[in-house]
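Below is the file protein-v3.cif, which contains mmCIF, C-alpha atoms.
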```cif
data_protein
loop_
_atom_site.label_atom_id
_atom_site.label_comp_id
_atom_site.auth_asym_id
_atom_site.auth_seq_id
_atom_site.Cartn_x
_atom_site.Cartn_y
_atom_site.Cartn_z
CA MET A 1 85.71 10.33 16.39
CA ARG A 2 88.99 9.82 18.25
CA LYS A 3 87.30 7.29 20.55
CA ILE A 4 85.93 5.33 17.58
CA THR A 5 89.35 5.33 15.91
CA LEU A 6 91.01 4.08 19.10
CA THR A 7 88.41 1.31 19.47
CA VAL A 8 88.96 0.15 15.90
CA PHE A 9 92.74 0.21 16.42
CA MET A 10 92.48 -1.89 19.58
CA PHE A 11 90.18 -4.37 17.84
CA LEU A 12 92.63 -4.79 14.96
CA PHE A 13 95.54 -5.13 17.38
CA VAL A 14 93.79 -7.88 19.37
CA ALA A 15 92.60 -9.64 16.20
CA ALA A 16 96.12 -9.64 14.78
CA ASN A 17 97.50 -11.17 17.97
CA LEU A 18 94.79 -13.81 18.06
CA VAL A 19 95.57 -14.77 14.48
CA ALA A 20 99.28 -14.93 15.30
CA GLN A 21 98.57 -17.26 18.25
CA GLN A 22 96.09 -19.57 16.60
CA GLU A 23 96.74 -23.24 17.23
CA LYS A 24 99.22 -24.83 14.90
CA GLY A 25 99.33 -28.49 14.03
CA ILE A 26 96.61 -31.02 14.80
CA ILE A 27 93.79 -29.60 16.89
CA GLY A 28 90.70 -30.55 18.86
CA LYS A 29 89.71 -30.62 22.50
CA ASP A 30 89.30 -34.40 22.33
CA ASN A 31 92.07 -36.90 21.71
CA TRP A 32 90.80 -37.94 18.30
CA LEU A 33 93.75 -40.35 17.93
CA ASN A 34 92.43 -42.41 20.84
CA ASN A 35 91.29 -46.07 20.52
CA TRP A 36 91.26 -46.54 16.74
CA THR A 37 94.92 -45.84 15.89
CA ASP A 38 97.93 -48.11 16.50
CA PHE A 39 101.41 -46.60 16.90
CA GLN A 40 102.94 -49.48 18.88
CA SER A 41 102.52 -52.54 16.64
CA SER A 42 105.73 -54.51 16.20
CA GLY A 43 104.51 -56.46 13.19
CA GLN A 44 104.34 -59.64 15.27
CA ASP A 45 101.11 -58.96 17.10
CA ASN A 46 97.50 -59.87 16.53
CA HIS A 47 97.96 -62.54 13.87
CA VAL A 48 94.60 -63.96 12.86
CA GLU A 49 93.63 -66.78 10.54
CA PRO A 50 91.10 -66.10 7.77
CA THR A 51 87.69 -67.69 7.78
CA GLN A 52 86.59 -66.40 4.35
CA ILE A 53 88.45 -65.88 1.04
CA LEU A 54 87.74 -63.04 -1.39
CA THR A 55 89.05 -63.35 -4.93
CA GLY A 56 87.97 -62.39 -8.45
CA ASN A 57 85.39 -59.67 -9.04
CA ILE A 58 82.57 -58.52 -6.78
CA THR A 59 79.72 -57.68 -9.16
CA GLU A 60 76.81 -57.23 -6.78
CA ASP A 61 76.25 -55.67 -3.37
CA LYS A 62 78.21 -57.49 -0.67
CA ARG A 63 78.55 -57.10 3.08
CA LEU A 64 81.62 -58.09 5.09
CA VAL A 65 80.82 -58.87 8.72
CA LYS A 66 82.86 -58.68 11.90
CA ARG A 67 82.48 -62.34 12.83
CA HIS A 68 84.62 -63.35 9.82
CA VAL A 69 88.22 -62.60 8.91
CA TYR A 70 88.58 -62.10 5.17
CA LEU A 71 91.62 -62.98 3.04
CA LEU A 72 92.11 -60.99 -0.16
CA VAL A 73 93.79 -63.07 -2.86
CA GLY A 74 95.02 -61.48 -6.09
CA SER A 75 93.59 -58.34 -7.70
CA ILE A 76 89.98 -57.95 -6.56
CA PHE A 77 87.67 -55.46 -8.29
CA VAL A 78 84.29 -54.21 -7.06
CA THR A 79 82.40 -53.50 -10.31
CA ASN A 80 78.98 -53.10 -11.91
CA ASN A 81 77.93 -50.25 -9.56
CA ALA A 82 78.06 -52.68 -6.63
CA VAL A 83 78.40 -51.47 -3.04
CA LEU A 84 80.89 -53.18 -0.75
CA THR A 85 79.78 -52.61 2.86
CA ILE A 86 82.14 -53.44 5.74
CA GLU A 87 80.94 -53.70 9.33
CA PRO A 88 82.82 -52.00 12.19
CA GLY A 89 85.55 -54.20 13.64
CA THR A 90 85.98 -56.30 10.50
CA VAL A 91 89.52 -57.48 9.71
CA ILE A 92 90.59 -57.91 6.07
CA ILE A 93 94.02 -59.39 5.43
CA GLY A 94 95.95 -59.08 2.17
CA ASP A 95 97.71 -62.16 0.80
CA TYR A 96 101.48 -61.77 0.64
CA ALA A 97 102.11 -64.38 -2.08
CA SER A 98 99.67 -62.86 -4.61
CA LYS A 99 100.34 -59.22 -3.57
CA ALA A 100 96.61 -58.83 -3.07
CA SER A 101 94.80 -55.55 -3.70
CA LEU A 102 91.24 -54.26 -3.50
CA THR A 103 90.02 -51.85 -6.20
CA ILE A 104 86.69 -50.03 -6.12
CA ALA A 105 86.00 -49.44 -9.82
CA LYS A 106 84.40 -46.28 -11.17
CA GLY A 107 80.66 -46.38 -10.47
CA ALA A 108 81.02 -48.85 -7.60
CA SER A 109 81.48 -47.77 -3.98
CA ILE A 110 82.78 -48.84 -0.60
CA VAL A 111 81.07 -48.14 2.71
CA ALA A 112 83.65 -48.85 5.41
CA ASN A 113 82.09 -47.14 8.42
CA GLY A 114 84.10 -48.18 11.44
CA LEU A 115 83.81 -46.89 14.98
CA GLU A 116 86.36 -45.17 17.20
CA THR A 117 86.23 -48.18 19.51
CA ASP A 118 85.90 -50.73 16.69
CA PRO A 119 87.90 -49.71 13.60
CA ILE A 120 88.01 -51.61 10.33
CA ILE A 121 91.48 -53.03 9.73
CA PHE A 122 93.23 -53.93 6.47
CA THR A 123 96.50 -55.71 7.21
CA SER A 124 98.99 -58.38 6.12
CA ASN A 125 98.49 -62.14 6.43
CA ARG A 126 102.12 -62.78 7.43
CA ARG A 127 102.95 -63.78 10.98
CA VAL A 128 105.80 -61.28 11.02
CA LYS A 129 104.41 -58.31 9.11
CA LYS A 130 106.58 -55.92 7.11
CA SER A 131 105.96 -52.88 4.93
CA GLY A 132 104.99 -53.82 1.40
CA ASP A 133 103.50 -57.21 2.28
CA TRP A 134 100.42 -56.69 0.10
CA GLY A 135 99.09 -54.22 -2.47
CA GLY A 136 96.62 -51.77 -0.99
CA LEU A 137 93.23 -50.12 -1.41
CA ILE A 138 92.41 -48.25 -4.64
CA ILE A 139 89.25 -46.18 -5.12
CA LEU A 140 88.38 -44.90 -8.61
CA GLY A 141 85.78 -42.22 -9.30
CA ASP A 142 84.14 -40.04 -11.91
CA ALA A 143 85.63 -36.62 -11.10
CA ALA A 144 88.04 -34.81 -13.40
CA SER A 145 91.82 -34.91 -13.62
CA ASN A 146 94.18 -32.88 -15.81
CA LYS A 147 95.18 -35.88 -17.89
CA PHE A 148 94.37 -36.12 -21.59
CA GLY A 149 91.14 -38.11 -21.69
CA ASN A 150 90.58 -40.26 -18.63
CA GLY A 151 93.26 -41.96 -16.60
CA SER A 152 94.13 -45.53 -15.73
CA VAL A 153 95.81 -47.30 -12.82
CA SER A 154 96.52 -50.44 -14.86
CA SER A 155 100.29 -50.15 -14.29
CA TYR A 156 99.79 -51.39 -10.72
CA TYR A 157 98.59 -54.86 -11.75
CA THR A 158 101.27 -57.26 -12.96
CA ARG A 159 99.00 -60.14 -14.01
CA LEU A 160 95.83 -58.35 -14.97
CA ASN A 161 93.10 -60.31 -16.72
CA PRO A 162 92.43 -58.44 -20.00
CA ALA A 163 88.73 -58.40 -19.15
CA ASN A 164 89.52 -56.23 -16.12
CA TYR A 165 91.36 -53.43 -17.91
CA ALA A 166 88.14 -51.43 -18.16
CA PHE A 167 87.86 -51.46 -14.36
CA THR A 168 91.20 -49.65 -13.95
CA ASN A 169 89.95 -46.42 -15.60
CA PHE A 170 89.08 -43.29 -13.63
CA GLY A 171 87.92 -39.75 -14.28
CA GLY A 172 84.98 -37.92 -15.79
CA GLU A 173 83.16 -34.62 -15.39
CA ASN A 174 81.37 -35.07 -12.07
CA PRO A 175 83.18 -33.25 -9.22
CA ASN A 176 80.45 -34.36 -6.79
CA SER A 177 80.71 -38.07 -7.54
CA ASN A 178 80.35 -40.40 -4.57
CA SER A 179 82.59 -43.44 -4.15
CA GLY A 180 81.36 -44.17 -0.65
CA LEU A 181 82.84 -43.72 2.79
CA LEU A 182 86.00 -44.53 4.77
CA LYS A 183 85.78 -43.74 8.48
CA TYR A 184 87.80 -45.19 11.34
CA VAL A 185 89.83 -47.39 9.01
CA ARG A 186 93.42 -48.62 9.38
CA ILE A 187 95.49 -49.79 6.40
CA GLU A 188 98.66 -51.59 7.51
CA TYR A 189 101.76 -53.04 5.78
CA ALA A 190 100.52 -52.33 2.25
CA GLY A 191 102.53 -50.86 -0.66
CA SER A 192 104.09 -53.91 -2.29
CA ARG A 193 106.61 -53.36 -5.05
CA VAL A 194 105.25 -53.67 -8.58
CA LYS A 195 108.47 -52.97 -10.48
CA THR A 196 111.52 -50.78 -10.14
CA GLY A 197 110.38 -47.31 -9.14
CA LEU A 198 106.74 -48.27 -8.60
CA ASN A 199 104.99 -49.46 -5.45
CA TYR A 200 101.35 -49.69 -4.56
CA ASN A 201 100.16 -47.00 -2.19
CA GLY A 202 98.42 -47.79 1.06
CA LEU A 203 95.45 -45.81 -0.28
CA LEU A 204 95.15 -44.48 -3.84
CA LEU A 205 92.24 -42.15 -4.66
CA ALA A 206 91.86 -41.43 -8.38
CA GLY A 207 89.08 -39.24 -9.76
CA VAL A 208 87.24 -39.41 -6.44
CA GLY A 209 84.50 -36.81 -5.99
CA ARG A 210 83.67 -34.52 -3.10
CA GLU A 211 80.63 -36.47 -1.85
CA THR A 212 82.96 -39.32 -0.86
CA VAL A 213 83.51 -39.20 2.92
CA LEU A 214 87.15 -39.66 3.98
CA GLU A 215 87.73 -39.26 7.72
CA ASN A 216 89.77 -40.89 10.47
CA VAL A 217 91.96 -43.06 8.25
CA MET A 218 95.39 -44.32 9.35
CA VAL A 219 97.93 -45.75 6.90
CA SER A 220 100.93 -47.30 8.63
CA ASN A 221 104.13 -49.01 7.49
CA SER A 222 103.41 -48.60 3.78
CA GLY A 223 106.09 -49.75 1.36
CA GLY A 224 104.98 -47.02 -1.05
CA ASN A 225 103.23 -43.72 -0.43
CA SER A 226 100.73 -43.81 2.41
CA VAL A 227 98.08 -41.79 0.56
CA GLU A 228 98.18 -40.67 -3.07
CA VAL A 229 95.47 -38.65 -4.79
CA TRP A 230 95.16 -38.34 -8.59
CA GLY A 231 92.69 -35.73 -9.74
CA GLY A 232 89.22 -35.49 -8.28
CA ASN A 233 87.78 -33.27 -5.56
CA VAL A 234 88.54 -34.65 -2.10
CA ALA A 235 88.69 -33.56 1.53
CA LEU A 236 90.87 -35.68 3.80
CA ASN A 237 90.09 -35.07 7.46
CA LYS A 238 91.87 -36.54 10.51
CA PHE A 239 94.23 -38.70 8.46
CA VAL A 240 97.34 -40.32 9.93
CA SER A 241 100.41 -41.54 8.04
CA TYR A 242 102.90 -43.49 10.13
CA LYS A 243 106.35 -44.70 9.13
CA ALA A 244 105.83 -44.72 5.37
CA SER A 245 108.76 -45.87 3.25
CA GLN A 246 107.86 -43.23 0.68
CA THR A 247 105.75 -40.05 0.77
CA ASP A 248 103.01 -39.61 3.35
CA TYR A 249 100.54 -37.51 1.30
CA LYS A 250 100.99 -37.00 -2.45
CA PHE A 251 98.60 -34.94 -4.62
CA ASN A 252 98.90 -35.11 -8.40
CA TYR A 253 97.13 -34.77 -11.76
CA GLY A 254 94.88 -31.80 -11.15
CA VAL A 255 93.37 -32.77 -7.83
CA GLN A 256 91.32 -30.05 -6.12
CA GLY A 257 91.84 -31.13 -2.54
CA GLU A 258 91.98 -30.41 1.15
CA LEU A 259 94.05 -32.02 3.89
CA ILE A 260 92.68 -31.00 7.28
CA ASN A 261 93.70 -31.69 10.90
CA SER A 262 96.00 -34.57 9.99
CA LEU A 263 99.30 -36.09 11.07
CA ALA A 264 102.40 -37.58 9.44
CA VAL A 265 105.13 -39.26 11.47
CA ARG A 266 108.27 -40.18 9.55
CA SER A 267 111.18 -42.36 10.59
CA PRO A 268 114.52 -41.90 8.78
CA TYR A 269 115.32 -45.54 9.50
CA VAL A 270 112.56 -46.93 7.28
CA SER A 271 112.34 -44.12 4.71
CA SER A 272 113.28 -44.55 1.06
CA SER A 273 116.53 -42.80 0.15
CA SER A 274 114.95 -40.83 -2.69
CA GLY A 275 111.84 -38.71 -2.98
CA ALA A 276 110.37 -39.52 0.43
CA ARG A 277 108.74 -36.55 2.12
CA SER A 278 105.64 -35.81 4.19
CA LEU A 279 103.73 -33.76 1.63
CA GLU A 280 104.15 -33.61 -2.15
CA VAL A 281 101.99 -31.38 -4.35
CA VAL A 282 102.66 -31.70 -8.08
CA ALA A 283 100.77 -31.20 -11.34
CA TYR A 284 102.07 -34.23 -13.23
CA SER A 285 104.65 -37.00 -13.28
CA GLU A 286 105.39 -36.70 -17.01
CA ARG A 287 104.65 -33.38 -18.69
CA GLN A 288 103.30 -34.98 -21.87
CA GLU A 289 100.57 -36.76 -19.88
CA VAL A 290 98.54 -33.68 -19.04
CA ASP A 291 96.31 -31.11 -20.70
CA PHE A 292 97.36 -27.65 -19.49
CA SER A 293 93.99 -26.18 -20.49
CA LYS A 294 92.47 -28.11 -17.55
CA PRO A 295 92.70 -26.96 -13.92
CA SER A 296 96.01 -27.88 -12.35
CA THR A 297 96.62 -29.35 -8.91
CA SER A 298 95.42 -27.08 -6.10
CA VAL A 299 95.57 -28.19 -2.47
CA SER A 300 94.58 -26.46 0.76
CA VAL A 301 96.31 -27.78 3.90
CA GLN A 302 95.31 -26.68 7.38
CA ASN A 303 96.27 -27.73 10.91
CA ILE A 304 98.54 -30.62 10.02
CA THR A 305 101.55 -31.81 11.98
CA VAL A 306 104.44 -33.46 10.14
CA LEU A 307 107.44 -34.57 12.11
CA ASN A 308 110.54 -36.66 11.70
CA THR A 309 111.48 -38.94 14.60
CA SER A 310 115.26 -38.82 14.23
CA LYS A 311 117.22 -39.71 17.36
CA ASP A 312 120.16 -37.68 16.02
CA LEU A 313 118.88 -35.31 13.33
CA ARG A 314 122.26 -33.86 12.40
CA GLU A 315 123.81 -37.31 11.90
CA ASP A 316 120.77 -38.63 10.02
CA ILE A 317 120.94 -35.64 7.67
CA ARG A 318 124.66 -36.26 7.15
CA MET A 319 123.89 -39.88 6.27
CA GLY A 320 121.26 -38.80 3.73
CA LEU A 321 118.39 -40.37 5.67
CA VAL A 322 116.27 -37.21 6.00
CA GLN A 323 114.65 -35.35 3.09
CA GLU A 324 112.53 -32.22 2.87
CA GLY A 325 109.18 -32.09 4.63
CA VAL A 326 107.20 -30.54 1.76
CA TYR A 327 107.82 -30.57 -2.01
CA VAL A 328 105.93 -28.33 -4.46
CA GLY A 329 106.11 -28.89 -8.22
CA GLU A 330 105.76 -26.58 -11.20
CA HIS A 331 102.17 -25.47 -12.03
CA ALA A 332 100.86 -26.74 -8.66
CA SER A 333 99.21 -24.54 -6.03
CA LEU A 334 99.51 -25.03 -2.26
CA ASP A 335 97.88 -23.00 0.51
CA MET A 336 99.31 -24.28 3.82
CA ASN A 337 98.12 -22.72 7.05
CA LYS A 338 98.43 -23.20 10.83
CA SER A 339 100.66 -26.26 10.50
CA VAL A 340 103.86 -27.65 12.04
CA ILE A 341 106.86 -28.94 10.07
CA SER A 342 109.50 -30.36 12.40
CA GLY A 343 112.86 -32.05 11.79
CA PHE A 344 113.43 -32.02 8.01
CA ASN A 345 116.18 -31.23 5.51
CA PRO A 346 114.99 -28.55 4.77
CA ALA A 347 111.35 -27.78 5.65
CA VAL A 348 110.22 -27.04 2.05
CA ILE A 349 111.63 -27.41 -1.46
CA PHE A 350 110.23 -25.90 -4.67
CA GLU A 351 110.91 -27.70 -7.94
CA ASN A 352 113.71 -25.90 -9.80
CA LYS A 353 111.38 -25.15 -12.74
CA ILE A 354 109.40 -22.72 -10.55
CA GLN A 355 110.28 -19.11 -11.22
CA ILE A 356 110.47 -17.05 -8.03
CA ASN A 357 108.17 -14.16 -8.90
CA GLN A 358 104.89 -12.66 -7.71
CA GLU A 359 102.77 -15.04 -9.78
CA SER A 360 104.45 -18.15 -8.36
CA LEU A 361 104.48 -16.95 -4.77
CA ASP A 362 100.79 -16.07 -4.94
CA LYS A 363 100.15 -19.76 -5.74
CA ILE A 364 102.33 -21.16 -2.94
CA LYS A 365 101.30 -19.84 0.46
CA PHE A 366 102.64 -20.57 3.94
CA THR A 367 100.88 -18.67 6.73
CA ASN A 368 100.71 -19.12 10.51
CA MET A 369 103.29 -21.90 10.21
CA TYR A 370 105.62 -23.37 12.81
CA PHE A 371 108.91 -24.42 11.19
CA ASN A 372 110.89 -26.27 13.85
CA ASN A 373 114.35 -27.81 13.96
CA CYS A 374 114.73 -28.01 10.19
CA ASN A 375 118.02 -27.76 8.31
CA GLY A 376 116.86 -24.60 6.56
CA ASN A 377 113.36 -23.42 5.80
CA ILE A 378 112.23 -22.86 2.18
CA PHE A 379 114.49 -23.41 -0.84
CA VAL A 380 114.38 -23.92 -4.60
CA GLU A 381 115.65 -27.34 -5.61
CA ASN A 382 119.44 -27.47 -6.10
CA ASN A 383 119.84 -23.82 -5.07
CA ALA A 384 121.50 -23.01 -1.76
CA ASN A 385 120.64 -19.29 -1.96
CA ASN A 386 117.17 -18.85 -0.51
CA GLU A 387 117.41 -15.21 0.51
CA ASP A 388 114.42 -14.13 -1.59
CA LEU A 389 112.21 -16.87 -0.13
CA GLU A 390 113.37 -16.16 3.42
CA ASN A 391 112.54 -12.50 3.00
CA TRP A 392 109.14 -13.25 1.48
CA TYR A 393 107.84 -15.94 3.86
CA GLY A 394 109.61 -14.38 6.83
CA ASN A 395 107.52 -11.23 6.50
CA HIS A 396 105.57 -10.57 9.70
CA ALA A 397 102.34 -10.42 7.72
CA PHE A 398 102.49 -14.22 7.28
CA PHE A 399 102.84 -14.93 11.03
CA ASN A 400 105.34 -17.74 10.43
CA VAL A 401 107.50 -18.87 13.35
CA TYR A 402 110.98 -20.38 13.10
CA SER A 403 112.31 -22.44 16.00
CA LYS A 404 115.14 -24.81 16.95
CA GLY A 405 113.47 -26.61 19.84
CA HIS A 406 113.01 -30.24 20.79
CA ASP A 407 109.63 -31.66 19.81
CA ALA A 408 108.76 -31.96 23.49
CA GLU A 409 108.81 -28.18 23.70
CA THR A 410 107.41 -27.28 20.31
CA PHE A 411 103.81 -28.13 19.64
CA ILE A 412 101.18 -25.57 20.43
CA GLU A 413 98.37 -26.97 22.54
CA ILE A 414 94.74 -25.92 22.85
CA ASN A 415 95.53 -23.45 25.63
CA ASN A 416 98.32 -21.92 23.50
CA LEU A 417 101.01 -23.01 25.96
CA ARG A 418 104.18 -24.18 24.30
CA ARG A 419 103.90 -27.80 25.29
CA PRO A 420 103.83 -30.95 23.18
CA ASP A 421 100.41 -31.77 21.84
CA TYR A 422 98.82 -34.13 24.37
CA ARG A 423 97.68 -36.53 21.64
CA LEU A 424 101.29 -37.06 20.59
CA ARG A 425 102.43 -37.61 24.17
CA ILE A 426 99.68 -40.07 25.07
CA ASN A 427 100.41 -42.12 21.95
CA LYS A 428 104.16 -42.02 22.74
CA ILE A 429 104.98 -40.36 19.43
CA ILE A 430 107.09 -37.78 21.23
CA ALA A 431 108.59 -37.72 24.69
CA SER A 432 107.67 -34.96 27.10
CA ASN A 433 109.50 -33.16 29.83
CA ASP A 434 106.15 -31.90 31.08
CA SER A 435 104.71 -33.82 34.02
CA ASP A 436 101.21 -32.59 33.22
CA SER A 437 99.41 -35.55 31.66
CA ASN A 438 96.41 -33.47 30.60
#
```

Written as structure tokens, how would this file's structure read?
Amino acid sequence: MRKITLTVFMFLFVAANLVAQQEKGIIGKDNWLNNWTDFQSSGQDNHVEPTQILTGNITEDKRLVKRHVYLLVGSIFVTNNAVLTIEPGTVIIGDYASKASLTIAKGASIVANGLETDPIIFTSNRRVKKSGDWGGLIILGDAASNKFGNGSVSSYYTRLNPANYAFTNFGGENPNSNSGLLKYVRIEYAGSRVKTGLNYNGLLLAGVGRETVLENVMVSNSGGNSVEVWGGNVALNKFVSYKASQTDYKFNYGVQGELINSLAVRSPYVSSSSGARSLEVVAYSERQEVDFSKPSTSVSVQNITVLNTSKDLREDIRMGLVQEGVYVGEHASLDMNKSVISGFNPAVIFENKIQINQESLDKIKFTNMYFNNCNGNIFVENNANNEDLENWYGNHAFFNVYSKGHDAETFIEINNLRRPDYRLRINKIIASNDSDSN
């Protein structure tokens, strides 16, 4: 009996240590950022002239091919259950003058199936590209949100033809709805300003169902949020947000979602001065918009890396250029696990309407986290006293780690050595003092 007890004890001890040492941040034995991403573009490279123009509505199945370069002009809607198929390597450029956008209406779908060595690229038509040059990509589906009735994205279109209002609606009762596929896709320089306080997002997913495939998508230099999700049931896998002016990943309006093995790289020198963070999980924008009898926003986040590339973090914080890494709103649930938050002010903020009690803390989980070089860890908005939260999330049972190291000494690699993740080094996202090139 004693031998059995000792064996069980040793098993639990080893298991606990393995859990505590599990990889944090982006993972994978392969460099899944290789070939298809672009972290070095200056906005003056790779200008191409269009050979085809897309405008108006696409009402029947259409295929975009690599041998052409397509110019989007104005607000383009794919409607009537049509399928828009895009070949690997195809380049689609958004018109600056008309603030072009592409919307996949509810019932229609997009099949943008790029390759690691031949990604599909949405970008600006300007010779010198800047964030917010064009609108962005919007996909609307038939899954539920927590809004009263169904929702609409009509506020994004400034000169919308009245006949197209019906194509801006999203939502329904089908959590498994399929809006198509995005794989090995880059969306660059989107997020144009619509009006004060409202920009397009690089990618907006509204009411999108779980059969939609969303993998290996990079949104860079967006003038608005990189990725925003309203309602629906989605799993985002191997996403990259790079130098967004506003939030990297925002979940709202009752989405039931997952963000897995993904990356956000912020720069304080391009970030909006208000409300710009890496991850935002909220239940609504205006309380009167939503039906509280419906499921609220619930997001599971695992193995993500979010970092801020300040050259002088203390000075950038003093200048108000750095915000919190993660923001959680009232009535929203977040389960964040095995992730890295590095270089923020502070790491996490809870909306001040959240009551700090057992019920709330059961809905907002941080486990196996690596909080690095942040100006504080977890706080309630406008409250400098975070002793209760420090005691709760600092409990050894959560296996959270708090560090004040340089990024080149922080990220936990596949062999559990404390070295920068090799994907980040190879792509020159962080510098390394380690001569091992892996």

Identify which of the residues A:Arg186, A:Arg159, A:Lys243, A:Lys147 lies closest to Thr123 of chain A, counting all atoms listed in the file when measuring atom-to-atom distances.
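Nearest candidate to Thr123 of chain A out of A:Arg186, A:Arg159, A:Lys243, A:Lys147: A:Arg186.
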
Taking 4 positions as the minimum chain separation for residues in the same chain, which residues sit within 9 Å of Glu258 of chain A when counting only C-alpha atoms? Answer as a PyMOL selection string.
chain A and resi 233-237+298-302

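Using all atoms listed in the file, the residues found no farther than 6 Å from Tyr184 of chain A, other than those of its own chain fewer than 4 positions away, are Gly114, Leu115, Pro119, Asn216 and Val217 of chain A.
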
Those residues with C-alpha atoms, as a PDB file, in the frame of the given file please?
```pdb
ATOM      1  CA  GLY A 114      84.100 -48.180  11.440  1.00  0.00           C
ATOM      2  CA  LEU A 115      83.810 -46.890  14.980  1.00  0.00           C
ATOM      3  CA  PRO A 119      87.900 -49.710  13.600  1.00  0.00           C
ATOM      4  CA  ASN A 216      89.770 -40.890  10.470  1.00  0.00           C
ATOM      5  CA  VAL A 217      91.960 -43.060   8.250  1.00  0.00           C
TER       6      VAL A 217
END
```

Would you list the contacts of Ile304 of chain A as a list in words, taking every protein, DNA or RNA residue within 6 Å and counting all atoms listed in the file, but skipping same-chain residues closer than 4 positions in sequence?
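Listing them by chain and then by number gives Gly25, Ile26, Asn261, Ser262, Leu263 and Ser339 of chain A.
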
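Our summary of the geometry notes that atom CA of Gly151 of chain A is positioned 18.2 Å from atom CA of Arg210 of chain A.
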
Could you list, as a PyMOL selection string, every residue within 12 Å of Asn386 of chain A, counting all atoms listed in the file and ignoring same-chain residues fewer than 6 positions away?
chain A and resi 346+348-350+356+376-380+392-394

Given the selection you just returned, output its residues as a file containing C-alpha atoms, formatted as a short mmCIF file (atom, residue, chain, number, x, y, z; two decimals), in the coordinates of the input.
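As a result, selection-v5.cif now contains:
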```cif
data_model
loop_
_atom_site.label_atom_id
_atom_site.label_comp_id
_atom_site.auth_asym_id
_atom_site.auth_seq_id
_atom_site.Cartn_x
_atom_site.Cartn_y
_atom_site.Cartn_z
CA PRO A 346 114.99 -28.55 4.77
CA VAL A 348 110.22 -27.04 2.05
CA ILE A 349 111.63 -27.41 -1.46
CA PHE A 350 110.23 -25.90 -4.67
CA ILE A 356 110.47 -17.05 -8.03
CA GLY A 376 116.86 -24.60 6.56
CA ASN A 377 113.36 -23.42 5.80
CA ILE A 378 112.23 -22.86 2.18
CA PHE A 379 114.49 -23.41 -0.84
CA VAL A 380 114.38 -23.92 -4.60
CA TRP A 392 109.14 -13.25 1.48
CA TYR A 393 107.84 -15.94 3.86
CA GLY A 394 109.61 -14.38 6.83
#
```

Could you check how far atom CA of Tyr189 of chain A sits from atom CA of Asn31 of chain A, in Å to one decimal?
24.7 Å

Enumerate, as a list in words, the residues matched when the PyMOL selection byres ((chain A and resi 287-291) around 9) is run on the file above.
Ser145, Asn146, Lys147, Phe148, Gly149, Tyr253, Gly254, Ala283, Tyr284, Ser285, Glu286, Phe292, Ser293, Lys294, Pro295 and Ser296 of chain A

Contacts of Ala82 of chain A at 10 Å or less, counting all atoms listed in the file, minus same-chain residues fewer than 2 places along, as an MDAnalysis selection string?
chainID A and resid 58:62 78:80 84:85 104:105 107:110
